[in-house]
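Enquirer: Below is the file entry-v7.tsv, which contains TSV, C-alpha atoms.
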```
chain	number	residue	atom	x	y	z
A	22	MET	CA	0.00	0.00	0.00
A	23	LYS	CA	2.81	2.36	0.94
A	24	ASN	CA	4.69	1.35	-2.21
A	25	LEU	CA	1.63	2.04	-4.34
A	26	LEU	CA	1.22	5.48	-2.79
A	27	PHE	CA	4.91	6.21	-3.34
A	28	TRP	CA	4.63	5.03	-6.94
A	29	LYS	CA	1.57	7.25	-7.51
A	30	ILE	CA	3.32	10.32	-6.11
A	31	LYS	CA	6.41	9.61	-8.21
A	32	ASN	CA	4.29	9.05	-11.28
A	33	ARG	CA	2.41	12.31	-10.74
A	34	LYS	CA	5.67	14.18	-10.30
A	35	GLN	CA	7.01	12.69	-13.51
A	36	GLU	CA	3.82	13.61	-15.37
A	37	ALA	CA	4.10	17.17	-14.11
A	38	GLN	CA	7.68	17.30	-15.34
A	39	LEU	CA	6.72	15.91	-18.74
A	40	ASP	CA	3.89	18.45	-18.99
A	41	HIS	CA	6.36	21.21	-18.21
A	42	ILE	CA	8.70	20.01	-20.98
A	43	GLY	CA	5.70	19.72	-23.29
A	44	ARG	CA	4.77	23.35	-22.62
A	45	GLU	CA	8.32	24.47	-23.25
A	46	LEU	CA	8.38	22.52	-26.49
A	47	VAL	CA	5.08	23.95	-27.71
A	48	ARG	CA	6.37	27.48	-27.03
A	49	ALA	CA	9.66	26.64	-28.71
A	50	ALA	CA	7.90	25.28	-31.79
A	51	SER	CA	6.95	28.78	-32.97
A	52	ALA	CA	8.70	30.24	-35.95
A	53	ASN	CA	11.51	32.67	-35.11
A	54	ARG	CA	11.11	36.43	-35.40
A	55	GLU	CA	13.14	36.71	-38.63
A	56	ASP	CA	11.02	34.11	-40.41
A	57	LEU	CA	7.82	35.79	-39.24
A	58	GLU	CA	9.02	39.19	-40.43
A	59	ALA	CA	10.11	37.72	-43.75
A	60	ALA	CA	6.79	35.91	-44.18
A	61	HIS	CA	4.45	38.84	-43.55
A	62	SER	CA	6.54	41.31	-45.51
A	63	ALA	CA	7.06	38.98	-48.46
A	64	PRO	CA	6.97	40.86	-51.76
A	65	PHE	CA	3.76	40.66	-53.77
A	66	LEU	CA	1.91	38.99	-50.89
A	67	TYR	CA	-1.07	41.28	-51.32
A	68	ALA	CA	-0.91	40.83	-55.10
A	69	ARG	CA	-1.03	37.07	-54.55
A	70	ILE	CA	-4.06	37.46	-52.31
A	71	ARG	CA	-5.79	39.60	-54.94
A	72	ALA	CA	-4.94	36.98	-57.58
A	73	ALA	CA	-6.33	34.20	-55.36
A	74	VAL	CA	-9.50	36.25	-54.76
A	75	ALA	CA	-9.89	36.93	-58.50
A	76	LYS	CA	-9.35	33.25	-59.31
A	77	LYS	CA	-11.98	32.17	-56.81
A	78	GLN	CA	-14.40	34.84	-58.03
A	79	LYS	CA	-13.91	33.60	-61.60
A	80	ALA	CA	-14.47	29.97	-60.57
A	81	ASP	CA	-17.60	30.96	-58.65
A	82	ALA	CA	-18.85	32.97	-61.63
A	83	GLU	CA	-18.31	29.99	-63.93
A	84	VAL	CA	-20.23	27.72	-61.58
A	85	ARG	CA	-22.97	30.35	-61.34
A	86	ASP	CA	-23.12	30.75	-65.15
A	87	PHE	CA	-23.34	27.01	-65.61
A	88	SER	CA	-26.10	26.80	-63.01
A	89	PHE	CA	-27.98	29.66	-64.68
A	90	SER	CA	-27.67	28.11	-68.15
A	91	MET	CA	-28.81	24.75	-66.78
A	92	PHE	CA	-31.69	26.50	-65.10
A	93	ALA	CA	-32.62	28.30	-68.32
A	94	VAL	CA	-32.59	25.03	-70.27
A	95	MET	CA	-34.61	23.30	-67.58
A	96	ARG	CA	-37.03	26.21	-67.43
A	97	HIS	CA	-37.87	25.73	-71.11
A	98	ALA	CA	-37.44	21.99	-71.33
A	99	VAL	CA	-39.54	20.96	-68.35
A	100	PRO	CA	-42.79	22.75	-69.38
A	101	MET	CA	-42.29	21.49	-72.94
A	102	MET	CA	-41.90	17.92	-71.72
A	103	ILE	CA	-44.97	18.32	-69.53
A	104	VAL	CA	-47.00	19.60	-72.52
A	105	ILE	CA	-45.79	16.71	-74.69
A	106	ALA	CA	-46.56	14.17	-71.97
A	107	PHE	CA	-49.97	15.71	-71.42
A	108	ALA	CA	-50.69	15.72	-75.17
A	109	SER	CA	-49.64	12.07	-75.46
A	110	VAL	CA	-51.87	11.03	-72.60
A	111	LEU	CA	-54.70	13.07	-74.06
A	112	LEU	CA	-54.27	11.46	-77.49
A	113	LEU	CA	-54.17	8.01	-75.96
A	114	PHE	CA	-57.35	8.60	-74.02
A	115	THR	CA	-59.23	10.27	-76.87
A	116	GLY	CA	-58.22	7.40	-79.23
A	117	ALA	CA	-59.44	4.81	-76.76
A	118	PHE	CA	-62.59	6.84	-76.17
A	119	THR	CA	-63.44	7.19	-79.87
A	120	ALA	CA	-62.75	3.47	-80.46
A	121	GLY	CA	-65.13	2.59	-77.68
A	122	MET	CA	-67.83	5.04	-78.93
A	123	ASN	CA	-68.10	3.70	-82.57
A	124	THR	CA	-71.70	3.43	-83.99
A	125	PRO	CA	-72.75	0.12	-85.72
A	126	ASP	CA	-72.35	1.77	-89.14
A	127	GLU	CA	-68.89	2.96	-88.30
A	128	THR	CA	-68.04	-0.52	-87.04
A	129	ALA	CA	-69.19	-2.02	-90.35
A	130	THR	CA	-67.19	0.52	-92.29
A	131	ASN	CA	-64.21	-0.30	-90.19
A	132	PHE	CA	-64.73	-3.98	-90.86
A	133	ASP	CA	-64.91	-3.27	-94.63
A	134	ARG	CA	-61.75	-1.29	-94.31
A	135	VAL	CA	-60.14	-4.25	-92.63
A	136	VAL	CA	-61.28	-6.54	-95.45
A	137	LEU	CA	-60.03	-4.07	-98.01
A	138	ASP	CA	-56.81	-3.78	-96.24
A	139	GLU	CA	-56.39	-7.53	-96.31
A	140	ASP	CA	-56.40	-7.35	-100.13
A	141	ASN	CA	-53.31	-5.23	-99.97
A	142	LEU	CA	-51.42	-7.76	-97.93
A	143	PRO	CA	-48.39	-9.38	-99.61
A	144	LEU	CA	-49.01	-12.79	-101.26
A	145	SER	CA	-48.57	-15.87	-99.18
A	146	SER	CA	-46.26	-18.68	-100.38
A	147	ASP	CA	-49.30	-20.90	-101.15
A	148	GLU	CA	-50.73	-18.19	-103.36
A	149	VAL	CA	-47.39	-17.80	-105.14
A	150	LEU	CA	-47.19	-21.56	-105.70
A	151	SER	CA	-50.72	-21.78	-107.02
A	152	THR	CA	-50.04	-18.86	-109.39
A	153	ILE	CA	-46.95	-20.63	-110.78
A	154	ILE	CA	-48.82	-23.90	-111.22
A	155	ALA	CA	-51.67	-22.08	-112.93
A	156	GLY	CA	-49.15	-20.43	-115.25
A	157	HIS	CA	-47.69	-23.80	-116.19
A	158	HIS	CA	-51.15	-25.14	-116.92
A	159	ASN	CA	-51.88	-22.21	-119.19
A	160	ASP	CA	-48.59	-22.77	-121.05
A	161	ASP	CA	-49.40	-26.44	-121.51
A	162	ASP	CA	-52.86	-25.58	-122.84
A	163	GLY	CA	-51.35	-23.14	-125.33
A	164	GLU	CA	-48.86	-25.72	-126.65
A	165	GLY	CA	-51.71	-28.28	-127.03
A	166	ASP	CA	-53.70	-25.78	-129.06
A	167	GLN	CA	-50.76	-25.16	-131.37
A	168	ARG	CA	-50.41	-28.83	-131.97
B	214	MET	CA	-7.19	35.77	-22.63
B	215	CYS	CA	-5.21	34.60	-25.67
B	216	ARG	CA	-1.77	36.12	-25.97
B	217	ALA	CA	-1.15	39.43	-27.77
B	218	VAL	CA	-4.75	40.32	-28.50
B	219	THR	CA	-6.99	41.83	-25.85
B	220	VAL	CA	-10.37	42.90	-27.08
B	221	ASN	CA	-11.32	46.23	-25.62
B	222	GLU	CA	-15.05	46.67	-25.32
B	223	VAL	CA	-14.76	50.43	-25.81
B	224	ASP	CA	-15.21	51.31	-29.48
B	225	ASP	CA	-11.69	52.53	-30.27
B	226	LYS	CA	-10.01	52.44	-33.68
B	227	SER	CA	-9.35	48.74	-34.03
B	228	LYS	CA	-10.56	47.57	-30.62
B	229	VAL	CA	-7.19	46.03	-29.77
B	230	VAL	CA	-4.79	46.76	-26.98
B	231	PRO	CA	-1.43	44.98	-27.09
B	232	THR	CA	-0.67	43.34	-23.76
B	233	THR	CA	3.11	43.50	-23.96
B	234	ASN	CA	5.68	46.18	-24.69
B	235	SER	CA	6.50	44.61	-28.05
B	236	PRO	CA	5.50	46.60	-31.15
B	237	PRO	CA	1.70	46.53	-31.57
B	238	LEU	CA	0.40	43.77	-33.80
B	239	HIS	CA	-2.33	46.08	-35.07
B	240	ASP	CA	-2.04	49.58	-36.39
B	241	THR	CA	-4.61	51.58	-34.45
B	242	THR	CA	-4.08	55.01	-35.95
B	243	GLU	CA	-6.48	55.01	-38.87
B	244	SER	CA	-10.17	54.31	-39.35
B	245	SER	CA	-11.70	51.43	-37.41
B	246	ASP	CA	-11.72	47.89	-38.69
B	247	ASP	CA	-15.50	47.93	-38.91
B	248	ALA	CA	-15.39	51.03	-41.12
B	249	LEU	CA	-12.82	49.37	-43.37
B	250	VAL	CA	-14.93	46.23	-43.59
B	251	ALA	CA	-17.96	48.33	-44.55
B	252	ALA	CA	-15.89	50.18	-47.18
B	253	THR	CA	-14.61	46.89	-48.60
B	254	LEU	CA	-18.15	45.58	-48.84
B	255	ASP	CA	-19.06	48.77	-50.70
B	256	GLY	CA	-16.41	47.89	-53.27
B	257	ASP	CA	-13.47	49.94	-51.99
B	258	GLU	CA	-10.45	47.77	-52.78
B	259	THR	CA	-8.01	50.02	-50.93
B	260	ALA	CA	-9.97	49.44	-47.70
B	261	PHE	CA	-9.27	45.72	-47.92
B	262	GLU	CA	-5.62	46.45	-48.60
B	263	GLN	CA	-5.60	48.59	-45.47
B	264	LEU	CA	-7.11	45.74	-43.47
B	265	PHE	CA	-4.42	43.47	-44.84
B	266	GLU	CA	-1.63	45.91	-44.03
B	267	ARG	CA	-2.99	46.37	-40.54
B	268	HIS	CA	-3.38	42.71	-39.62
B	269	ARG	CA	-0.89	40.74	-41.69
B	270	ARG	CA	1.64	40.76	-38.86
B	271	PHE	CA	-0.94	39.38	-36.48
B	272	VAL	CA	-1.92	36.60	-38.89
B	273	ALA	CA	1.76	35.76	-39.42
B	274	HIS	CA	2.20	35.57	-35.66
B	275	THR	CA	-0.77	33.18	-35.35
B	276	ALA	CA	0.46	31.04	-38.26
B	277	GLY	CA	3.96	31.05	-36.77
B	278	ARG	CA	2.64	29.21	-33.73
B	279	PHE	CA	1.79	26.24	-35.90
B	280	PHE	CA	4.39	26.37	-38.66
B	281	ARG	CA	8.00	27.40	-38.68
B	282	ARG	CA	8.82	27.48	-42.37
B	283	ARG	CA	8.47	30.88	-43.98
B	284	GLU	CA	6.68	29.51	-47.07
B	285	GLN	CA	4.09	27.78	-44.90
B	286	ILE	CA	3.43	30.98	-42.96
B	287	GLU	CA	3.06	32.94	-46.20
B	288	GLU	CA	0.64	30.32	-47.45
B	289	ILE	CA	-1.47	30.62	-44.30
B	290	ILE	CA	-1.49	34.43	-44.55
B	291	GLN	CA	-2.60	34.26	-48.17
B	292	GLU	CA	-5.26	31.64	-47.52
B	293	THR	CA	-6.55	33.46	-44.45
B	294	PHE	CA	-6.99	36.81	-46.18
B	295	THR	CA	-8.60	35.14	-49.18
B	296	LYS	CA	-11.10	33.49	-46.84
B	297	VAL	CA	-11.57	36.77	-45.00
B	298	TYR	CA	-12.41	38.57	-48.25
B	299	PHE	CA	-15.22	36.15	-49.04
B	300	ALA	CA	-16.40	35.92	-45.43
B	301	LEU	CA	-16.64	39.70	-44.90
B	302	PRO	CA	-20.41	39.79	-45.51
B	303	SER	CA	-20.83	37.42	-42.54
B	304	TYR	CA	-18.73	39.62	-40.22
B	305	ARG	CA	-21.10	41.23	-37.77
B	306	GLY	CA	-18.70	43.75	-36.28
B	307	ALA	CA	-19.75	45.46	-33.10
B	308	GLU	CA	-22.80	43.18	-32.69
B	309	GLY	CA	-20.59	40.13	-32.52
B	310	ARG	CA	-16.87	40.13	-31.77
B	311	SER	CA	-13.93	42.32	-32.68
B	312	PHE	CA	-12.31	42.01	-36.07
B	313	PRO	CA	-8.98	40.62	-34.72
B	314	ALA	CA	-10.84	37.90	-32.79
B	315	TRP	CA	-12.82	37.04	-35.91
B	316	LEU	CA	-9.62	37.10	-37.97
B	317	ARG	CA	-7.82	34.89	-35.45
B	318	ARG	CA	-10.59	32.34	-35.73
B	319	ILE	CA	-10.20	32.20	-39.51
B	320	ALA	CA	-6.39	32.07	-39.27
B	321	VAL	CA	-6.43	29.27	-36.68
B	322	ASN	CA	-8.93	27.26	-38.71
B	323	THR	CA	-6.81	27.73	-41.83
B	324	ALA	CA	-3.76	26.51	-39.92
B	325	TYR	CA	-5.77	23.57	-38.59
B	326	ASP	CA	-6.84	22.63	-42.13
B	327	GLU	CA	-3.21	22.77	-43.21
B	328	LEU	CA	-2.15	20.57	-40.25
B	329	ARG	CA	-4.75	18.00	-41.21
B	330	ARG	CA	-3.69	18.15	-44.86
B	331	MET	CA	-0.07	17.63	-43.82
B	332	GLN	CA	-1.08	14.65	-41.73
B	333	ARG	CA	-2.82	13.07	-44.70
B	334	HIS	CA	0.28	13.61	-46.85
B	335	PRO	CA	3.27	13.42	-44.50
B	336	GLU	CA	6.35	14.83	-46.18
B	337	SER	CA	8.83	12.70	-44.30
B	338	LEU	CA	9.02	10.25	-41.47
B	339	VAL	CA	10.17	11.66	-38.16
B	340	SER	CA	13.83	10.88	-37.69
B	341	GLU	CA	15.51	9.93	-34.45
B	342	LEU	CA	16.65	12.64	-32.06
B	343	THR	CA	20.12	14.08	-32.39
B	344	GLU	CA	22.58	14.07	-29.51
B	345	ASP	CA	21.96	17.76	-28.83
B	346	GLU	CA	18.22	17.23	-28.71
B	347	THR	CA	18.53	14.34	-26.27
B	348	ARG	CA	20.81	16.48	-24.12
B	349	TRP	CA	18.25	19.31	-24.17
B	350	LEU	CA	15.52	16.93	-23.02
B	351	ASP	CA	17.73	15.63	-20.21
B	352	ALA	CA	18.51	19.17	-19.12
B	353	GLN	CA	14.82	20.02	-19.05
B	354	MET	CA	14.08	16.91	-17.04
B	355	HIS	CA	16.67	17.69	-14.41
B	356	GLU	CA	16.45	21.45	-14.09
B	357	SER	CA	13.25	23.42	-14.35
B	358	SER	CA	14.72	26.65	-15.67
B	359	GLY	CA	18.02	26.30	-17.44
B	360	VAL	CA	19.96	29.02	-19.20
B	361	LYS	CA	18.41	29.55	-22.63
B	362	ASP	CA	20.92	30.70	-25.18
B	363	ALA	CA	20.30	31.06	-28.89
B	364	GLU	CA	21.72	27.64	-29.65
B	365	ALA	CA	19.48	25.99	-27.07
B	366	ASN	CA	16.48	27.72	-28.63
B	367	VAL	CA	17.35	26.38	-32.07
B	368	ILE	CA	17.74	22.86	-30.65
B	369	ALA	CA	14.45	23.18	-28.78
B	370	ARG	CA	12.68	24.39	-31.92
B	371	ASP	CA	13.94	21.49	-34.03
B	372	LEU	CA	13.08	19.03	-31.30
B	373	ALA	CA	9.66	20.56	-30.75
B	374	ASN	CA	8.74	20.26	-34.39
B	375	LYS	CA	9.98	16.68	-34.53
B	376	LEU	CA	7.91	15.68	-31.50
B	377	LEU	CA	4.82	17.74	-32.25
B	378	ASP	CA	4.68	16.29	-35.75
B	379	ARG	CA	3.87	13.00	-34.05
B	380	LEU	CA	0.67	14.38	-32.55
B	381	ASP	CA	-2.52	14.49	-34.54
B	382	ALA	CA	-3.88	17.80	-35.79
B	383	ASP	CA	-6.52	18.17	-33.05
B	384	ASP	CA	-4.00	17.57	-30.27
B	385	ARG	CA	-1.52	19.97	-31.78
B	386	LEU	CA	-4.17	22.64	-32.26
B	387	VAL	CA	-5.34	22.44	-28.65
B	388	LEU	CA	-1.83	22.38	-27.17
B	389	THR	CA	-0.68	25.28	-29.33
B	390	LEU	CA	-3.65	27.40	-28.32
B	391	LEU	CA	-3.35	26.44	-24.66
B	392	ASP	CA	0.40	26.68	-24.20
B	393	GLY	CA	1.55	28.72	-27.18
B	394	GLU	CA	-1.19	31.32	-27.27
B	395	ASP	CA	-2.22	31.08	-23.59
B	396	CYS	CA	-5.89	30.79	-24.51
B	397	SER	CA	-8.49	29.61	-22.02
B	398	THR	CA	-10.68	26.61	-22.82
B	399	ALA	CA	-13.64	28.95	-23.40
B	400	GLU	CA	-11.61	30.94	-25.92
B	401	ILE	CA	-10.45	27.77	-27.66
B	402	ALA	CA	-14.07	26.65	-27.82
B	403	ARG	CA	-15.00	29.98	-29.45
B	404	ILE	CA	-12.12	29.82	-31.92
B	405	THR	CA	-12.60	26.20	-32.96
B	406	GLY	CA	-16.36	26.04	-32.67
B	407	TRP	CA	-16.07	23.01	-30.36
B	408	SER	CA	-17.88	22.69	-27.04
B	409	ILE	CA	-15.97	23.51	-23.84
B	410	ALA	CA	-16.28	19.87	-22.75
B	411	LYS	CA	-14.74	18.72	-26.02
B	412	VAL	CA	-11.86	21.17	-25.62
B	413	LYS	CA	-11.18	19.88	-22.09
B	414	VAL	CA	-11.25	16.25	-23.21
B	415	ARG	CA	-9.04	17.09	-26.19
B	416	ALA	CA	-6.57	18.95	-24.00
B	417	HIS	CA	-6.37	16.01	-21.58
B	418	ARG	CA	-5.78	13.56	-24.42
B	419	ALA	CA	-3.29	15.88	-26.09
B	420	ARG	CA	-1.21	16.16	-22.92
B	421	LYS	CA	-1.29	12.40	-22.52
B	422	SER	CA	-0.18	11.91	-26.14
B	423	LEU	CA	2.65	14.40	-25.74
B	424	ARG	CA	3.76	12.70	-22.52
B	425	ARG	CA	3.80	9.36	-24.32
B	426	VAL	CA	5.88	10.82	-27.16
B	427	LEU	CA	8.32	12.38	-24.70
B	428	GLN	CA	8.63	9.21	-22.65
B	429	LYS	CA	9.63	7.35	-25.79
B	430	PHE	CA	12.74	9.50	-26.08
B	431	MET	CA	13.71	9.71	-22.41
```
Would you mind writing the file's structure down as structure tokens?

Expert:
Amino acid sequence: MKNLLFWKIKNRKQEAQLDHIGRELVRAASANREDLEAAHSAPFLYARIRAAVAKKQKADAEVRDFSFSMFAVMRHAVPMMIVIAFASVLLLFTGAFTAGMNTPDETATNFDRVVLDEDNLPLSSDEVLSTIIAGHHNDDDGEGDQR
Amino acid sequence: MCRAVTVNEVDDKSKVVPTTNSPPLHDTTESSDDALVAATLDGDETAFEQLFERHRRFVAHTAGRFFRRREQIEEIIQETFTKVYFALPSYRGAEGRSFPAWLRRIAVNTAYDELRRMQRHPESLVSELTEDETRWLDAQMHESSGVKDAEANVIARDLANKLLDRLDADDRLVLTLLDGEDCSTAEIARITGWSIAKVKVRAHRARKSLRRVLQKFM
């Protein structure tokens, strides 16, 4: 117990000594007077500050310009996109609505149109084959007549 | 109160009274700092130059607490005044705190940023102590106030930078403000924007770290 107390006191004394050296070191770490004088009276120091300020102002202005141009584009583009989207939705709905509201006559006309449209479809391979065979038959008939 | 700058509540020219007999860190003969700030905000470039001329020595002194190389101090002065220029609209003058206190805060934070940057990109590993440096440490350990000649100061400075480089930026900042600038914990809290409790904890840890570093070499 006595040893522990002695050790604690010794330890505390040593810590106090180390703290004292630490303080001395921190104070000693400062730059010397000549370096300080040289640093704050360096030539063109103010000119360098002005240049740094101007550079930052220019960079900020560029960022601002870019933001403004992006904003201008968005300001025009977004309403336009909304109008287009709205028009598309409107067209879709009106198309569906008119298809659903057809009268019987209109439905018949549409059916005719479908039939008519089917006539314009390209020939199927069966139709092509039958056309060729029919052509051969016609040729054969012609030769027989000549004979 | 932090060393060298005592804020006088009376509205004098620059609100600063030097505490020592050394040449004043602030020129107090012309218009007040607040007037110069207002003029700068109105677009008067010469007003900002006047502010710079008036306070550059003070900023160099603050930077010199953290860095010893002339180029580093110049860099901190430049960076600080550039930040000041853009932060002027947020300076509240008489409503808040004096211009030098506000300036010190910016300068200390700039130095702190630089310390952290240096820690991320260490330039060189800390070398072992020289014979002179070990002797200096021994002398300090065995006598509380030895004779301090110019040579001893140079040795102490080299040693200090070697050892303090081993601390992290937060520890170094707190110790420099506490022991180098003689700031109170409340002042450190104001400068750094930390809480008083955080400053106290940081200071305790910083002292412990420094003790550990010192013990390694003793």

Enquirer: Hey, list the chain A side of the contact with chain B: 9 Å cut-off, all atoms listed in the file, answer as a ChimeraX atom specification.

Expert: /A:35-36,38-54,56-63,66-67,69-71,73-74,77

Enquirer: Residues at most 12 Å from B:Ser303, counting all atoms listed in the file, excluding those fewer than 6 positions away in the same chain, as a list in words?

Expert: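 Here the answer would be Val250, Ala251, Leu254, Lys296, Val297, Gly309, Arg310, Phe312 and Trp315 of chain B.
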
Enquirer: When you draw a straight line from atom CA of B:Leu386 to atom CA of B:Tyr325, how long is it in Å?

Expert: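 Separation between atom CA of B:Leu386 and atom CA of B:Tyr325: 6.6 Å.
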
Enquirer: Can you measure atom CA of A:Glu55 to atom CA of B:Ala314 for me? One decimal in Å is fine.

Expert: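 Interatomic distance here is 24.7 Å.
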
Enquirer: Atom CA of B:Ser245 and atom CA of B:Asn322 are how many Å apart?

Expert: 24.4 Å

Enquirer: Pick out the closest residue to B:Cys396 from this set: B:Ser311, B:Ala324, B:Asp255, B:Val412. Count only C-alpha atoms.

Expert: B:Val412

Enquirer: Quick one: everything within 8 Å of B:Arg418, counting only C-alpha atoms, minus sequence neighbours fewer than 4 positions away in the same chain. Send it as a PDB file with C-alpha atoms, in the frame of the given file.

Expert:
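Result file follows (part_20.pdb):
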```
ATOM      1  CA  ASP B 384      -4.000  17.570 -30.270  1.00  0.00           C
ATOM      2  CA  VAL B 414     -11.250  16.250 -23.210  1.00  0.00           C
ATOM      3  CA  SER B 422      -0.180  11.910 -26.140  1.00  0.00           C
TER       4      SER B 422
END
```
